[in-house]
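This is target22.cif. It holds mmCIF, C-alpha atoms.
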data_structure
#
loop_
_atom_site.label_atom_id
_atom_site.label_comp_id
_atom_site.auth_asym_id
_atom_site.auth_seq_id
_atom_site.Cartn_x
_atom_site.Cartn_y
_atom_site.Cartn_z
CA MET A 1 -5.81 -0.73 31.37
CA LYS A 2 -7.78 -2.49 28.62
CA ARG A 3 -10.84 -2.45 30.86
CA ILE A 4 -10.44 1.28 31.44
CA GLY A 5 -10.27 1.82 27.68
CA ILE A 6 -13.51 -0.13 27.20
CA LEU A 7 -15.10 1.95 29.95
CA ILE A 8 -14.04 5.20 28.27
CA VAL A 9 -15.57 4.05 24.97
CA TYR A 10 -18.77 3.03 26.80
CA VAL A 11 -19.08 6.38 28.55
CA LEU A 12 -18.42 8.35 25.39
CA GLY A 13 -20.80 6.03 23.51
CA LEU A 14 -23.64 7.05 25.81
CA THR A 15 -23.60 10.43 24.07
CA GLY A 16 -24.83 8.71 20.90
CA LEU A 17 -28.05 7.72 22.67
CA ASN A 18 -29.27 11.27 23.06
CA ALA A 19 -30.10 13.83 20.39
CA GLN A 20 -29.99 16.83 22.74
CA HIS A 21 -26.83 17.70 24.63
CA ASN A 22 -24.85 20.57 26.10
CA LEU A 23 -21.09 20.89 26.28
CA THR A 24 -19.23 22.97 28.84
CA GLY A 25 -15.49 23.59 29.07
CA GLY A 26 -13.45 25.15 31.85
CA ILE A 27 -11.04 24.59 34.70
CA LEU A 28 -11.19 23.08 38.20
CA PRO A 29 -8.27 24.29 40.32
CA LYS A 30 -8.08 22.79 43.82
CA ILE A 31 -5.85 22.93 46.88
CA ASN A 32 -6.08 20.12 49.43
CA PHE A 33 -4.35 20.43 52.80
CA SER A 34 -4.28 17.57 55.31
CA GLU A 35 -2.81 17.49 58.76
CA LYS A 36 -2.47 14.60 61.24
CA VAL A 37 -3.69 15.49 64.71
CA SER A 38 -3.14 11.99 66.10
CA ASP A 39 -2.14 8.52 64.85
CA LYS A 40 -5.69 7.86 63.73
CA ILE A 41 -7.20 11.26 62.97
CA LYS A 42 -6.39 13.84 60.36
CA LEU A 43 -8.10 17.04 59.31
CA VAL A 44 -8.51 17.82 55.63
CA GLN A 45 -9.28 21.26 54.27
CA SER A 46 -9.74 22.06 50.62
CA ILE A 47 -10.69 24.95 48.43
CA GLU A 48 -11.86 24.37 44.88
CA SER A 49 -13.24 26.65 42.23
CA ARG A 50 -15.09 26.03 38.99
CA GLN A 51 -14.55 28.38 36.08
CA HIS A 52 -16.02 28.10 32.60
CA PHE A 53 -14.67 29.37 29.29
CA PHE A 54 -17.18 27.80 26.98
CA THR A 55 -20.72 26.51 27.00
CA SER A 56 -22.79 25.43 24.02
CA GLU A 57 -25.84 27.11 25.58
CA ASP A 58 -24.21 30.43 24.62
CA ASP A 59 -24.34 29.71 20.89
CA ASP A 60 -20.87 28.18 21.10
CA ARG A 61 -19.19 31.44 22.07
CA LEU A 62 -16.12 31.68 24.29
CA ARG A 63 -17.09 33.48 27.47
CA TYR A 64 -15.42 33.44 30.88
CA ASP A 65 -17.67 32.69 33.82
CA TYR A 66 -16.55 32.21 37.45
CA VAL A 67 -19.10 29.60 38.51
CA LEU A 68 -18.48 28.67 42.13
CA THR A 69 -16.16 28.24 45.12
CA ASP A 70 -16.27 25.21 47.42
CA LEU A 71 -14.68 25.25 50.87
CA THR A 72 -14.58 21.80 52.46
CA SER A 73 -13.53 20.62 55.88
CA LEU A 74 -13.32 16.91 56.69
CA ALA A 75 -12.28 14.85 59.70
CA SER A 76 -10.77 11.51 58.72
CA LEU A 77 -10.61 8.56 61.12
CA LYS A 78 -8.31 5.66 60.25
CA ILE A 79 -10.15 2.48 61.17
CA GLN A 80 -7.58 0.14 59.61
CA THR A 81 -4.18 0.52 57.98
CA ASN A 82 -5.92 0.83 54.62
CA GLN A 83 -9.42 2.04 55.56
CA SER A 84 -10.84 5.30 56.81
CA VAL A 85 -14.16 6.98 57.41
CA ASN A 86 -14.54 10.70 56.85
CA VAL A 87 -17.24 13.16 57.84
CA GLY A 88 -17.36 16.79 56.97
CA TYR A 89 -19.01 19.89 55.72
CA MET A 90 -18.76 21.91 52.57
CA ILE A 91 -19.97 25.44 51.90
CA ARG A 92 -20.52 26.48 48.30
CA PHE A 93 -20.77 30.02 46.99
CA ARG A 94 -22.52 30.05 43.63
CA GLY A 95 -24.24 32.84 41.80
CA GLY A 96 -24.89 34.84 44.96
CA GLN A 97 -26.37 31.78 46.70
CA ILE A 98 -24.94 29.71 49.53
CA PHE A 99 -25.24 25.93 49.64
CA HIS A 100 -24.42 23.72 52.63
CA ARG A 101 -23.39 20.12 52.20
CA LEU A 102 -22.88 17.38 54.77
CA ILE A 103 -20.47 14.66 53.66
CA GLN A 104 -19.91 11.07 54.74
CA GLN A 105 -17.24 8.87 53.14
CA TYR A 106 -15.70 5.42 53.47
CA ASN A 107 -12.31 4.77 51.86
CA LEU A 108 -10.48 1.51 51.17
CA VAL A 109 -7.00 1.50 49.62
CA HIS A 110 -5.57 -1.65 48.09
CA TYR A 111 -1.80 -1.90 47.64
CA ALA A 112 -0.55 -4.03 44.74
CA ASP A 113 3.03 -4.43 43.51
CA PHE A 114 2.97 -1.72 40.86
CA PHE A 115 -0.10 0.35 41.67
CA ARG A 116 -2.55 1.51 44.33
CA VAL A 117 -6.32 1.23 44.01
CA GLY A 118 -8.67 3.37 46.07
CA HIS A 119 -12.38 2.70 46.53
CA ARG A 120 -14.57 5.44 47.94
CA LEU A 121 -18.22 5.10 48.88
CA ALA A 122 -19.84 8.38 49.86
CA THR A 123 -23.15 10.04 50.62
CA ASP A 124 -23.89 13.72 50.85
CA GLN A 125 -26.83 16.00 51.48
CA THR A 126 -26.99 19.53 50.06
CA PHE A 127 -29.20 22.24 51.55
CA SER A 128 -30.01 25.78 50.50
CA ASN A 129 -32.78 28.30 50.96
CA GLU A 130 -33.45 28.56 47.23
CA ARG A 131 -33.49 24.91 46.15
CA GLU A 132 -34.78 21.50 47.21
CA THR A 133 -32.54 19.40 49.41
CA GLN A 134 -30.45 17.13 47.24
CA TYR A 135 -29.32 13.67 48.28
CA ARG A 136 -26.50 11.80 46.60
CA ILE A 137 -24.81 8.44 46.87
CA ARG A 138 -21.56 7.98 45.00
CA TYR A 139 -18.93 5.35 44.31
CA ARG A 140 -15.47 6.09 42.95
CA VAL A 141 -12.57 3.85 42.01
CA THR A 142 -9.11 5.39 41.54
CA ILE A 143 -6.03 3.63 40.18
CA GLU A 144 -2.57 5.14 40.51
CA ARG A 145 0.57 3.77 38.86
CA PRO A 146 4.16 5.09 38.88
CA LEU A 147 5.79 5.93 35.55
CA SER A 148 9.15 4.75 36.87
CA GLY A 149 9.94 1.97 39.30
CA ALA A 150 7.56 -0.15 41.29
CA LYS A 151 6.41 2.70 43.53
CA VAL A 152 6.29 6.48 43.39
CA ASP A 153 9.21 8.25 45.07
CA PRO A 154 9.79 12.02 45.56
CA GLY A 155 10.63 13.67 42.26
CA GLU A 156 8.84 10.97 40.24
CA PHE A 157 5.78 11.09 37.99
CA TYR A 158 2.74 8.89 38.06
CA VAL A 159 -0.57 8.48 36.26
CA LYS A 160 -3.90 8.24 37.98
CA ILE A 161 -7.39 7.62 36.69
CA GLY A 162 -10.61 8.00 38.64
CA ASN A 163 -14.06 6.79 37.62
CA GLU A 164 -17.06 7.83 39.67
CA TYR A 165 -20.81 7.14 39.57
CA LEU A 166 -23.26 9.45 41.32
CA TRP A 167 -26.95 8.91 41.95
CA GLU A 168 -28.80 12.09 42.82
CA ALA A 169 -32.31 12.66 44.08
CA SER A 170 -34.44 15.49 45.33
CA LYS A 171 -38.22 15.87 45.66
CA SER A 172 -38.72 16.56 41.96
CA TYR A 173 -35.50 15.37 40.36
CA ARG A 174 -33.51 12.21 39.76
CA ASP A 175 -30.25 11.86 37.89
CA VAL A 176 -27.20 9.76 37.31
CA GLU A 177 -23.80 11.33 36.69
CA ILE A 178 -20.67 9.60 35.48
CA ARG A 179 -17.20 11.08 35.90
CA LEU A 180 -13.86 10.14 34.39
CA VAL A 181 -10.71 11.88 35.60
CA PRO A 182 -7.34 10.87 34.11
CA VAL A 183 -4.39 12.89 35.43
CA PHE A 184 -0.60 13.08 35.44
CA GLY A 185 0.95 13.66 38.84
CA LEU A 186 4.30 14.59 40.32
CA GLU A 187 5.28 13.64 43.85
CA VAL A 188 7.28 16.79 44.63
CA THR A 189 8.18 15.62 48.15
CA GLN A 190 6.81 12.88 50.39
CA LYS A 191 4.23 15.38 51.64
CA SER A 192 3.43 17.30 48.46
CA LYS A 193 1.92 16.28 45.12
CA VAL A 194 0.67 18.22 42.12
CA GLU A 195 -1.64 16.78 39.50
CA THR A 196 -3.01 17.99 36.22
CA GLY A 197 -5.41 16.35 33.85
CA VAL A 198 -8.94 16.23 32.58
CA ASP A 199 -12.23 16.03 34.47
CA TYR A 200 -15.01 14.71 32.25
CA ARG A 201 -18.61 14.58 33.51
CA LEU A 202 -21.69 13.20 31.84
CA SER A 203 -24.89 14.26 33.57
CA ASN A 204 -28.67 14.60 33.08
CA ILE A 205 -28.70 11.07 31.71
CA ALA A 206 -31.99 10.20 33.42
CA GLU A 207 -33.69 13.19 31.75
CA GLY A 208 -32.91 11.89 28.28
CA ARG A 209 -30.22 14.49 27.68
CA ALA A 210 -26.47 14.15 27.80
CA ASP A 211 -24.74 17.18 29.28
CA HIS A 212 -20.99 16.96 28.90
CA ALA A 213 -18.54 18.96 30.96
CA LEU A 214 -14.86 18.79 30.08
CA ARG A 215 -12.62 20.75 32.39
CA ALA A 216 -8.90 20.91 33.08
CA ARG A 217 -8.21 19.73 36.61
CA MET A 218 -5.25 21.08 38.58
CA THR A 219 -4.74 19.95 42.16
CA TRP A 220 -2.11 20.50 44.84
CA TYR A 221 -2.08 18.04 47.74
CA GLN A 222 -0.05 19.09 50.76
CA SER A 223 0.28 17.09 54.00
CA PHE A 224 1.57 18.53 57.26
CA MET B 1 -21.75 40.78 53.16
CA ARG B 2 -22.77 37.67 55.11
CA SER B 3 -21.17 35.38 52.53
CA LYS B 4 -17.93 37.42 52.75
CA THR B 5 -17.84 36.98 56.55
CA ILE B 6 -18.28 33.23 56.22
CA LEU B 7 -15.56 33.08 53.57
CA VAL B 8 -13.09 34.97 55.81
CA ALA B 9 -13.89 32.73 58.80
CA PHE B 10 -13.34 29.60 56.76
CA ALA B 11 -10.11 30.92 55.26
CA SER B 12 -8.82 31.71 58.78
CA LEU B 13 -9.61 28.19 60.00
CA PHE B 14 -7.95 26.89 56.85
CA LEU B 15 -4.74 28.85 57.50
CA ILE B 16 -4.57 27.98 61.22
CA CYS B 17 -4.83 24.26 60.51
CA SER B 18 -2.36 24.44 57.65
CA PHE B 19 0.54 25.59 59.88
CA TRP B 20 0.47 22.54 62.17
CA THR B 21 3.21 20.04 61.40
CA ALA B 22 3.80 16.35 62.08
CA TYR B 23 6.95 14.26 61.76
CA GLY B 24 7.39 10.46 61.40
CA GLN B 25 10.23 7.94 61.07
CA GLU B 26 10.49 6.40 57.60
CA LYS B 27 12.47 3.63 55.93
CA PHE B 28 14.59 5.01 53.06
CA GLU B 29 14.12 3.12 49.78
CA ARG B 30 13.93 4.46 46.21
CA GLU B 31 13.52 2.62 42.93
CA PHE B 32 14.26 3.77 39.39
CA THR B 33 13.35 2.01 36.18
CA MET B 34 16.44 1.15 34.12
CA LYS B 35 17.25 -0.07 30.65
CA ALA B 36 18.87 -3.51 30.41
CA THR B 37 21.90 -1.93 28.70
CA GLU B 38 22.58 0.11 31.89
CA VAL B 39 22.82 -3.01 34.08
CA PRO B 40 26.24 -4.65 34.84
CA GLY B 41 27.14 -7.44 32.40
CA PRO B 42 27.28 -10.32 34.95
CA ALA B 43 23.69 -9.52 36.08
CA ARG B 44 22.41 -9.57 32.47
CA ALA B 45 24.30 -12.81 31.80
CA PHE B 46 22.72 -14.48 34.84
CA ILE B 47 19.22 -13.42 33.75
CA ASP B 48 19.89 -14.63 30.18
CA SER B 49 20.87 -18.07 31.49
CA CYS B 50 17.61 -18.31 33.44
CA SER B 51 15.73 -18.55 30.07
CA PHE B 52 12.78 -16.47 31.28
CA ASP B 53 10.09 -16.27 28.61
CA LYS B 54 8.43 -12.99 29.65
CA LYS B 55 9.67 -9.40 29.61
CA ILE B 56 12.30 -8.49 32.22
CA LYS B 57 11.92 -5.18 34.04
CA TRP B 58 15.10 -3.74 35.56
CA TYR B 59 15.23 -1.39 38.54
CA LYS B 60 17.98 0.38 40.44
CA GLU B 61 17.28 0.47 44.15
CA GLU B 62 18.79 2.92 46.65
CA SER B 63 18.33 2.16 50.34
CA GLN B 64 20.09 2.47 53.67
CA GLU B 65 21.92 -0.74 52.73
CA GLY B 66 23.35 0.84 49.57
CA ILE B 67 22.68 0.50 45.86
CA SER B 68 21.50 -2.67 44.13
CA PHE B 69 19.85 -3.73 40.87
CA GLU B 70 16.74 -5.81 40.59
CA ALA B 71 15.25 -7.83 37.74
CA LYS B 72 11.53 -8.60 37.93
CA THR B 73 9.60 -10.97 35.70
CA LYS B 74 6.77 -13.50 35.68
CA PHE B 75 7.82 -17.13 35.19
CA SER B 76 5.77 -20.32 35.45
CA GLY B 77 2.88 -18.34 36.90
CA SER B 78 4.87 -16.67 39.69
CA TRP B 79 6.53 -13.25 40.06
CA TYR B 80 10.34 -13.47 40.38
CA SER B 81 12.61 -10.76 41.75
CA ILE B 82 16.38 -11.25 41.46
CA GLU B 83 18.65 -8.78 43.25
CA PHE B 84 22.26 -7.97 42.26
CA ASP B 85 25.02 -5.83 43.77
CA THR B 86 26.68 -2.99 41.85
CA LEU B 87 29.16 -5.41 40.22
CA GLY B 88 26.34 -7.61 38.95
CA ASN B 89 26.78 -10.45 41.46
CA VAL B 90 23.50 -12.05 42.46
CA ILE B 91 22.47 -11.35 46.08
CA ASP B 92 19.17 -13.20 46.39
CA VAL B 93 16.08 -14.50 44.58
CA GLU B 94 12.54 -13.87 45.75
CA ILE B 95 9.47 -15.65 44.41
CA LYS B 96 5.98 -14.45 45.28
CA VAL B 97 3.62 -17.22 46.38
CA LYS B 98 -0.02 -17.27 47.40
CA PRO B 99 -0.48 -18.42 51.02
CA LYS B 100 -2.76 -21.24 49.80
CA GLN B 101 0.10 -22.54 47.60
CA LEU B 102 2.22 -23.26 50.67
CA GLU B 103 2.13 -26.65 52.34
CA THR B 104 -0.13 -26.66 55.41
CA LYS B 105 2.86 -27.33 57.67
CA GLN B 106 4.77 -24.34 56.25
CA LEU B 107 1.76 -22.04 56.45
CA ASN B 108 1.10 -23.04 60.05
CA LYS B 109 4.69 -22.23 61.00
CA ILE B 110 4.28 -18.75 59.51
CA LYS B 111 0.92 -18.25 61.23
CA ASN B 112 2.31 -19.42 64.57
CA ALA B 113 5.21 -16.98 64.22
CA LEU B 114 2.75 -14.16 63.48
CA SER B 115 0.43 -15.16 66.34
CA GLY B 116 3.38 -14.75 68.68
CA ARG B 117 3.84 -11.15 67.52
CA PHE B 118 0.33 -9.85 66.85
CA ASP B 119 -3.04 -9.96 68.54
CA ARG B 120 -4.63 -10.17 65.09
CA PHE B 121 -3.14 -10.23 61.61
CA LYS B 122 -3.97 -10.60 57.93
CA ILE B 123 -1.34 -11.86 55.48
CA ASN B 124 -1.11 -9.64 52.37
CA LYS B 125 1.91 -11.13 50.62
CA VAL B 126 4.36 -14.02 50.97
CA GLN B 127 7.64 -14.35 49.12
CA GLY B 128 10.15 -17.17 49.29
CA HIS B 129 13.62 -15.65 49.80
CA TRP B 130 16.72 -17.61 48.71
CA GLU B 131 20.39 -16.69 49.24
CA ALA B 132 23.07 -18.92 47.67
CA SER B 133 25.77 -19.06 44.97
CA ASP B 134 24.94 -18.18 41.34
CA THR B 135 24.99 -21.85 40.34
CA THR B 136 22.66 -22.91 43.15
CA LEU B 137 20.18 -20.09 42.49
CA LEU B 138 20.19 -20.87 38.76
CA GLU B 139 19.36 -24.50 39.53
CA MET B 140 16.53 -23.38 41.85
CA ILE B 141 15.04 -21.08 39.18
CA LYS B 142 15.27 -23.54 36.30
CA GLY B 143 14.47 -26.79 38.11
CA GLY B 144 12.58 -25.64 41.19
CA THR B 145 14.99 -27.55 43.45
CA THR B 146 18.72 -28.09 44.16
CA PRO B 147 20.80 -30.51 46.25
CA ARG B 148 23.25 -27.72 47.13
CA ASP B 149 23.23 -25.58 50.28
CA TYR B 150 21.21 -22.40 50.41
CA LYS B 151 19.68 -20.04 52.96
CA PHE B 152 15.90 -19.77 52.83
CA ALA B 153 13.32 -17.60 54.58
CA TYR B 154 9.81 -16.27 54.01
CA GLU B 155 9.32 -12.54 53.51
CA VAL B 156 5.79 -11.85 54.71
CA VAL B 157 3.82 -8.60 54.47
CA VAL B 158 0.98 -8.43 56.96
CA ARG B 159 -1.52 -6.06 58.48
CA GLY B 160 -0.97 -6.69 62.17
CA LYS B 161 -2.61 -5.49 65.34
CA LYS B 162 -0.63 -4.87 68.52
CA GLY B 163 -2.81 -3.62 71.36
CA LYS B 164 -5.25 -1.24 69.70
CA GLU B 165 -3.01 -0.30 66.76
CA TRP B 166 -3.09 -1.79 63.27
CA GLN B 167 0.05 -1.35 61.16
CA ALA B 168 1.57 -2.76 57.98
CA TYR B 169 4.66 -4.90 58.68
CA GLU B 170 7.28 -6.79 56.68
CA LEU B 171 8.74 -9.82 58.46
CA LEU B 172 11.49 -12.24 57.52
CA ILE B 173 10.60 -15.66 58.97
CA GLY B 174 12.91 -18.69 58.89
CA PRO B 175 11.66 -22.10 57.70
CA ASP B 176 11.46 -23.19 61.35
CA GLY B 177 9.14 -20.27 62.16
CA THR B 178 11.79 -18.04 63.80
CA VAL B 179 11.24 -14.34 63.17
CA ILE B 180 14.55 -12.99 61.82
CA ARG B 181 13.47 -9.41 61.19
CA GLU B 182 10.40 -7.19 61.64
CA LEU B 183 9.99 -3.79 59.96
CA ILE B 184 7.14 -1.31 59.98
CA ILE B 185 6.07 -0.38 56.46
CA VAL B 186 5.49 3.33 56.12
CA ARG B 187 2.96 3.96 53.36
CA ARG B 188 2.86 7.00 51.11
CA ALA B 189 0.14 9.55 51.83
CA THR B 190 -3.15 8.54 50.23
CA ASP B 191 -4.67 12.04 50.07
CA ASN B 192 -4.70 12.03 46.27
CA ILE B 193 -6.52 8.67 46.30
CA GLU B 194 -9.05 9.43 49.04
CA PHE B 195 -9.96 13.11 48.61
#

Mind converting the file's structure to structure tokens?
Amino acid sequence: MKRIGILIVYVLGLTGLNAQHNLTGGILPKINFSEKVSDKIKLVQSIESRQHFFTSEDDDRLRYDYVLTDLTSLASLKIQTNQSVNVGYMIRFRGGQIFHRLIQQYNLVHYADFFRVGHRLATDQTFSNERETQYRIRYRVTIERPLSGAKVDPGEFYVKIGNEYLWEASKSYRDVEIRLVPVFGLEVTQKSKVETGVDYRLSNIAEGRADHALRARMTWYQSF
Amino acid sequence: MRSKTILVAFASLFLICSFWTAYGQEKFEREFTMKATEVPGPARAFIDSCSFDKKIKWYKEESQEGISFEAKTKFSGSWYSIEFDTLGNVIDVEIKVKPKQLETKQLNKIKNALSGRFDRFKINKVQGHWEASDTTLLEMIKGGTTPRDYKFAYEVVVRGKKGKEWQAYELLIGPDGTVIRELIIVRRATDNIEF
């Protein structure tokens, strides 16, 4: 936990390196459904929206803006008890435009006595008629710990923190984005979890700016 | 209009997939953090006489075998777990060890036992498991050894492959390499870690 604290200070300290920055605030509600079709394969569907209430580009005024909707469909193949590879597709509706994204992921989950650690390495490619194709490679580490007992049981709370690094590139653009997502979660049943917390993103670092986005994240995970 | 059609198609696929269901068999075990003051007196007295120097965490465990209390702490570089019944009588002591800390002969007995059960395996965790009287277990904890009688086994958590399937297992293996018990570990869903 001390290392995570140092990381938070480092990430927030990056903002001091840049004179120009934007700040955006909003919410990120998401529903994630997963369903096992065999011992090794499951299908995952999710719907996520992004909504803003505040952006410093608008002279610091509060203004509601429905930004986008993402619909994602993934197929997950378990290659080991604690490893999986996922491939999928996402369609994004944003500002009257449609974006298509192909997704490839590798997941590794490590089980320790009092917590679980997930590592995810992913690549994705985003296409649209109006913009250049964007390529990304991303790495995320997630740590989950129960607030009671040595493991999370139904009806119990837990804390989870995710830290992700994204490298983006297109023909005319390069960027690095850093994300920090601490949340509180409740395991409602063995197949259902709800989480709420904060999603912080620092982007446009490579351009000499520091754009901050701080949104409330609310997610429902349901397995069938 | 086109974007609306795509949205409806996706939502339909979403709803169709969401009504499929799957069932699995699971081992029942729940743990709750407890305060030391909620634990039966004899259990607290036993822990006090162990002279542990680090913080003790207490848990109440509910399982198919009933209710028990567990004290967990780190002592002399190893994680200890002492289990008590509802009256506070000690049931067993478990000490986590790294496979490389075991004598070669002991490790080979464990590996031979696992080779007899799995096509391939990877050891994730090994615990020494002692069952004996309070006095004997106290001697074991404080001195590392005892001349009195006790029952001993290794509790081993492995990732094991049988045929084409990999699974997580917990095995109880006797000091002579006999497998006393084998259980499949059913893990919690990892959706909130992976996606």

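In this structure, CA of Ala45 in chain B sits 21.1 Å away from CA of His129 in chain B.
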
When the cut-off is 7 Å and we count only C-alpha atoms, which residues of chain A are near chain B, given as a PDB file with C-alpha atoms, in the frame of the given file?
ATOM      1  CA  PHE A  33      -4.350  20.430  52.800  1.00  0.00           C
ATOM      2  CA  GLU A  35      -2.810  17.490  58.760  1.00  0.00           C
ATOM      3  CA  LYS A  36      -2.470  14.600  61.240  1.00  0.00           C
ATOM      4  CA  GLN A  45      -9.280  21.260  54.270  1.00  0.00           C
ATOM      5  CA  GLN A  80      -7.580   0.140  59.610  1.00  0.00           C
ATOM      6  CA  THR A  81      -4.180   0.520  57.980  1.00  0.00           C
ATOM      7  CA  ASN A 107     -12.310   4.770  51.860  1.00  0.00           C
ATOM      8  CA  GLY A 118      -8.670   3.370  46.070  1.00  0.00           C
ATOM      9  CA  ARG A 120     -14.570   5.440  47.940  1.00  0.00           C
ATOM     10  CA  THR A 142      -9.110   5.390  41.540  1.00  0.00           C
ATOM     11  CA  SER A 148       9.150   4.750  36.870  1.00  0.00           C
ATOM     12  CA  GLY A 149       9.940   1.970  39.300  1.00  0.00           C
ATOM     13  CA  ALA A 150       7.560  -0.150  41.290  1.00  0.00           C
ATOM     14  CA  ASP A 153       9.210   8.250  45.070  1.00  0.00           C
ATOM     15  CA  TYR A 221      -2.080  18.040  47.740  1.00  0.00           C
ATOM     16  CA  PHE A 224       1.570  18.530  57.260  1.00  0.00           C
TER      17      PHE A 224
END

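You can rank A:Leu71, A:Ala213, A:Asp65, A:Met218 by their closest distance to Val183 in chain A using only C-alpha atoms, and at the top of that list sits A:Met218.
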
Neighbours of range 125-130 of chain A within 8 Å (only C-alpha atoms; same-chain residues fewer than 5 positions away dropped), as a PyMOL selection string?
chain A and resi 97-103+135-136

List as a VMD selection string the protein and nucleic acid residues near Asp70 in chain A, meaning an atom at most 7 Å away when all atoms listed in the file are counted, but skip any in the same chain fewer than 3 places from it.
chain A and resid 47 to 49 90 to 93

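Atom to atom, CA of Val37 in chain A and CA of Thr196 in chain A stand 28.6 Å apart.
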
Translate the PyMOL selection byres ((chain A and resi 40) around 6) into a concrete residue list for this structure, as a PDB file with C-alpha atoms, keeping the file's coordinate frame.
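The resulting file, expr07.pdb, is reproduced below:
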ATOM      1  CA  SER A  38      -3.140  11.990  66.100  1.00  0.00           C
ATOM      2  CA  ASP A  39      -2.140   8.520  64.850  1.00  0.00           C
ATOM      3  CA  ILE A  41      -7.200  11.260  62.970  1.00  0.00           C
ATOM      4  CA  LEU A  77     -10.610   8.560  61.120  1.00  0.00           C
ATOM      5  CA  LYS A  78      -8.310   5.660  60.250  1.00  0.00           C
TER       6      LYS A  78
END

Please enumerate the residues selected by the PyMOL selection byres ((chain B and resi 97-100) around 6) when evaluated against the supplied file, formatted as a VMD selection string.
chain B and resid 96 101 to 102 126 to 127

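When CA of Glu131 in chain B is paired with CA of Glu170 in chain B, their separation reads 18.0 Å.
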
Using the chain letters and numbers from the file, which residues does the PyMOL selection byres ((chain A and resi 211) around 10) grab, as number ranges by chain?
A: 15, 18, 20-24, 56, 177, 201-205, 208-210, 212-213

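With only C-alpha atoms as the atoms that count, the minimum distance from Lys105 in chain B to the choices B:Leu183, B:Gly177, B:Tyr150, B:Lys164 is reached by B:Gly177.
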
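Distance check against Gly25 in chain A using all atoms listed in the file: of A:Leu214, A:Val117, A:Leu74, A:Val141, the minimum falls on A:Leu214.
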
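You can rank B:Val179, B:Val158, B:Val186, B:Ile56 by their closest distance to Phe121 in chain B using only C-alpha atoms, and at the top of that list sits B:Val158.
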